[in-house]
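Participant: Just passing along the structure, written as structure tokens.
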Amino acid sequence: MKPALQVMKFGGTSVGDAACIARAAQIIAEAARAGKCVAVVSAMSGVTNRLIEAAKTAQSGNAQAALAILDELAAKHASTLETVVKNTADRARVSEKMKLVFAEGRRFCEGTALLRELSPRTLDTISSLGERLSAPLVAAAVEERGLPGESVESSELIVTDDFHGGADPLMNETRVKSQARIFPLLEKGIVPVVTGFIGSTLDGELTTLGRGGSDYSATILGAALDAAEVIIWTDVDGVLTADPRLINEARTIPSISYREAAELAFFGAKVLHPKTLKPVVEAAIPVWIRNSFAPEKRGTKITPGGGSSTGVKALTAIRDVTLISLGGPGIVGLPDVVGRTFSTIAEVRANVLMISQSSSQNDICFSVSSADAERSIEALRKEFAQDLKHEKVEHINVDPNIAIVAVVGENMRGTPGVAGRTFQAMGRENVNIIAIAQGSSESNISFVIEESAVKRALLAAHREFGLHLPTNGN
Ligand code: ADP
Ligand code: ASP
Ligand code: MG
């Protein structure tokens, strides 16, 4: 029988410096000795942000400052390489590769500065450099541990549509290319170390899967390669009952369902990219979230059914949300306002996080991430220009200082009173509720509040549902 294949993804902090890379390489080497293992790596932490800054600086015309950022990153990678890789031949090979990647980055920054124009395509190319640098580093670190490793650029594996900055995979094509490139390596006992975050179109143009998209790369490859499991190594013990940066009494959840994890990710739990679970649903491949800084801990297992617990499983919040409302008494008689509103939003590919509509249809209000707000509002003003002129639509209002809190649990329907308890807890803490939505699946209750009340709201609900207690059924 073929040994089971594991796809393992290491996030930015898990490859953040030489010591982290050594730890990641150790985990990969152990897995590759026990079975088959494909590693997927993010850029070293902070690098993608700096690259985007370089691209934007170049766009403003300041080539020198953009190149200074690249120089700083080159120094950081060179010193990490020195510490991680002792073998001189390997070190020279990786150093050469890094030089080529930086030379490409410089050319793109210079071109951008010259034209003062940054296309989404060029931004993808510049922001993908971090993964193209970390993969050879990690592959060399695996080699240092006596196993052959080879870095692979995922533009050779993951075929996507051409939506730069947030591309989606074409799974059939991805499957064929990934298997053709990766299986022969595994047969030869070589550990592939693949760049996360990156894909390419059918025409071979580089794309990225969106910020935090290496999680998505891992499950895309897990599905394409028929992996037995995907392990996402990060800097926390698993999926927690709330964001540990906000709620320090949050606890690790041992098992959670695809749906629950997807809801948490959709509503802002940064531990998973929102699309992470999509590729593995069909084949029901389990996904683990584990701590690369504490590999002895079990982590969280995400499966189709999750654990057997009922009631509230976890809380999450999305900040940086903008509430858009469109309406006025005049829209009662206006046919198809809802349809026009949401097809307009869909056309600009903005992600609608929550919708609420008053029964009189005087007002439709919905929220989008603030990053999508400007283009959504612009598109709506265009679509409803005539209606605004003739006062059929009276206003398109925008409130940028809000947040959405979501209470998530697959089996909440079996537990009456969750909504009542949630809102009573908010009332006790004086948290003003601006809008409410509950999906018909009853696996989440979400509500809009002022940004400034997020921490208070989360803490109140966390306590209300006993999520801080070891006996909460998780
Ligand atoms: P990586 O670099 O490994 O991809 P991220 O920073 O993207 O890691 O995601 C991990 C972080 O997600 C954690 O450090 C934690 O602060 C944050 N986080 C937010 N909500 C949760 C949650 N419910 N469970 C675990 N971590 C969470
Ligand atoms: N490096 C990319 C980012 O920072 C992708 C990732 O880390 O998942 O967005
Ligand atoms: Mg991440």
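A note on labels: chains of the structure tokens are A, B, ... as shown, every chain counts residues from 1, and ligands are counted from 1 in their shown order.
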Within 6 Å of Ile364 in chain A, counting only C-alpha atoms, which residues show up once you throw out same-chain ones fewer than 6 positions away? Write them as number ranges by chain, please.
Facilitator: A: 325-326, 357
Participant: Write out the residues from the selection above, keeping N, CA and C atoms, as a short mmCIF file (atom, residue, chain, number, x, y, z; two decimals), in the first residue's frame.
Facilitator:
```
data_model
loop_
_atom_site.label_atom_id
_atom_site.label_comp_id
_atom_site.auth_asym_id
_atom_site.auth_seq_id
_atom_site.Cartn_x
_atom_site.Cartn_y
_atom_site.Cartn_z
N SER A 325 -25.80 51.41 3.57
CA SER A 325 -27.26 51.29 3.51
C SER A 325 -27.78 52.14 2.37
N LEU A 326 -28.80 51.60 1.75
CA LEU A 326 -29.34 52.22 0.56
C LEU A 326 -30.84 52.28 0.74
N GLN A 357 -32.49 43.54 5.87
CA GLN A 357 -33.41 44.41 5.14
C GLN A 357 -34.65 44.61 6.00
#
```
Participant: If the limit is 8 Å from any atom of ligand 2, counting only C-alpha atoms and all ligand atoms, which residues qualify? Return them as a list of chain:residue names.
Facilitator: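 If we count only C-alpha atoms and all ligand atoms, the neighbours of ligand 2 turn out to be A:Gly11, A:Gly12, A:Ser42, A:Ala43, A:Met44, A:Ser45, A:Gly46, A:Val47, A:Thr48, A:Asn49, A:Ser127, A:Ser128, A:Gly130, A:Glu131, A:Gly196, A:Phe197, A:Gly210, A:Arg211, A:Gly212, A:Gly213, A:Ser214, A:Asp215, A:Tyr216, A:His273.
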Participant: Based on DSSP run over this structure's backbone, return all residues of range 176-230 of chain A in strand (DSSP E or B), as a PyMOL selection string.
Facilitator: chain A and resi 191-195+198-200+206-208+229-230
Participant: Given the choices A:Glu156, A:Asp17, A:Asp71, A:Glu374, which gets closest to Thr322 in chain A if the distance is worked out from only C-alpha atoms?
Facilitator: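 Of the candidates, the smallest distance to Thr322 in chain A is held by A:Glu374.
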Participant: Check the smallest atom-to-atom distance from each of A:Glu391, A:Glu464, A:Glu442, A:Glu296 to Arg428 in chain A using only C-alpha atoms, then report the winner.
Facilitator: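 Looking only at the distances to Arg428 in chain A, the closest residue turns out to be A:Glu464.
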Participant: Near Thr234 in chain A, within 12 Å and counting only C-alpha atoms, which residues show up once chain neighbours fewer than 6 positions away are dropped, as a ChimeraX atom specification?
Facilitator: /A:8-16,20,23-24,41-42,45,212,214-215,270-272,288-295,299-300
Participant: Output C-alpha atoms of each residue in that selection to a file, as a PDB file, in the first residue's frame.
Facilitator:
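Contents of again_20.pdb, as written:
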```
ATOM      1  CA  MET A   8       1.940  20.436   5.496  1.00  0.00           C
ATOM      2  CA  LYS A   9       1.737  24.193   5.372  1.00  0.00           C
ATOM      3  CA  PHE A  10       3.970  26.476   7.407  1.00  0.00           C
ATOM      4  CA  GLY A  11       2.736  30.032   7.942  1.00  0.00           C
ATOM      5  CA  GLY A  12       4.844  33.193   8.061  1.00  0.00           C
ATOM      6  CA  THR A  13       5.700  33.021  11.754  1.00  0.00           C
ATOM      7  CA  SER A  14       6.524  29.307  11.428  1.00  0.00           C
ATOM      8  CA  VAL A  15       9.296  30.263   8.956  1.00  0.00           C
ATOM      9  CA  GLY A  16       9.875  33.701  10.503  1.00  0.00           C
ATOM     10  CA  CYS A  20      11.754  28.725  13.068  1.00  0.00           C
ATOM     11  CA  ARG A  23      12.007  23.755  13.527  1.00  0.00           C
ATOM     12  CA  ALA A  24       9.816  23.553  10.407  1.00  0.00           C
ATOM     13  CA  VAL A  41       5.484  27.513   2.788  1.00  0.00           C
ATOM     14  CA  SER A  42       4.516  31.144   3.275  1.00  0.00           C
ATOM     15  CA  SER A  45       6.607  36.840   8.427  1.00  0.00           C
ATOM     16  CA  GLY A 212      -3.220  34.786   3.851  1.00  0.00           C
ATOM     17  CA  SER A 214      -1.124  29.900   1.627  1.00  0.00           C
ATOM     18  CA  ASP A 215      -3.695  28.014   3.715  1.00  0.00           C
ATOM     19  CA  LYS A 270      -7.317  34.841  10.890  1.00  0.00           C
ATOM     20  CA  VAL A 271      -6.071  31.363  11.711  1.00  0.00           C
ATOM     21  CA  LEU A 272      -7.678  30.133   8.459  1.00  0.00           C
ATOM     22  CA  TRP A 288      -5.380  19.872  11.213  1.00  0.00           C
ATOM     23  CA  ILE A 289      -4.342  23.175  12.752  1.00  0.00           C
ATOM     24  CA  ARG A 290      -1.218  22.703  14.852  1.00  0.00           C
ATOM     25  CA  ASN A 291       1.412  24.778  16.611  1.00  0.00           C
ATOM     26  CA  SER A 292       4.862  24.609  14.986  1.00  0.00           C
ATOM     27  CA  PHE A 293       6.305  26.063  18.209  1.00  0.00           C
ATOM     28  CA  ALA A 294       4.742  23.219  20.262  1.00  0.00           C
ATOM     29  CA  PRO A 295       4.487  20.202  17.944  1.00  0.00           C
ATOM     30  CA  GLY A 299      -4.053  20.731  17.748  1.00  0.00           C
ATOM     31  CA  THR A 300      -7.509  20.995  16.224  1.00  0.00           C
TER      32      THR A 300
END
```
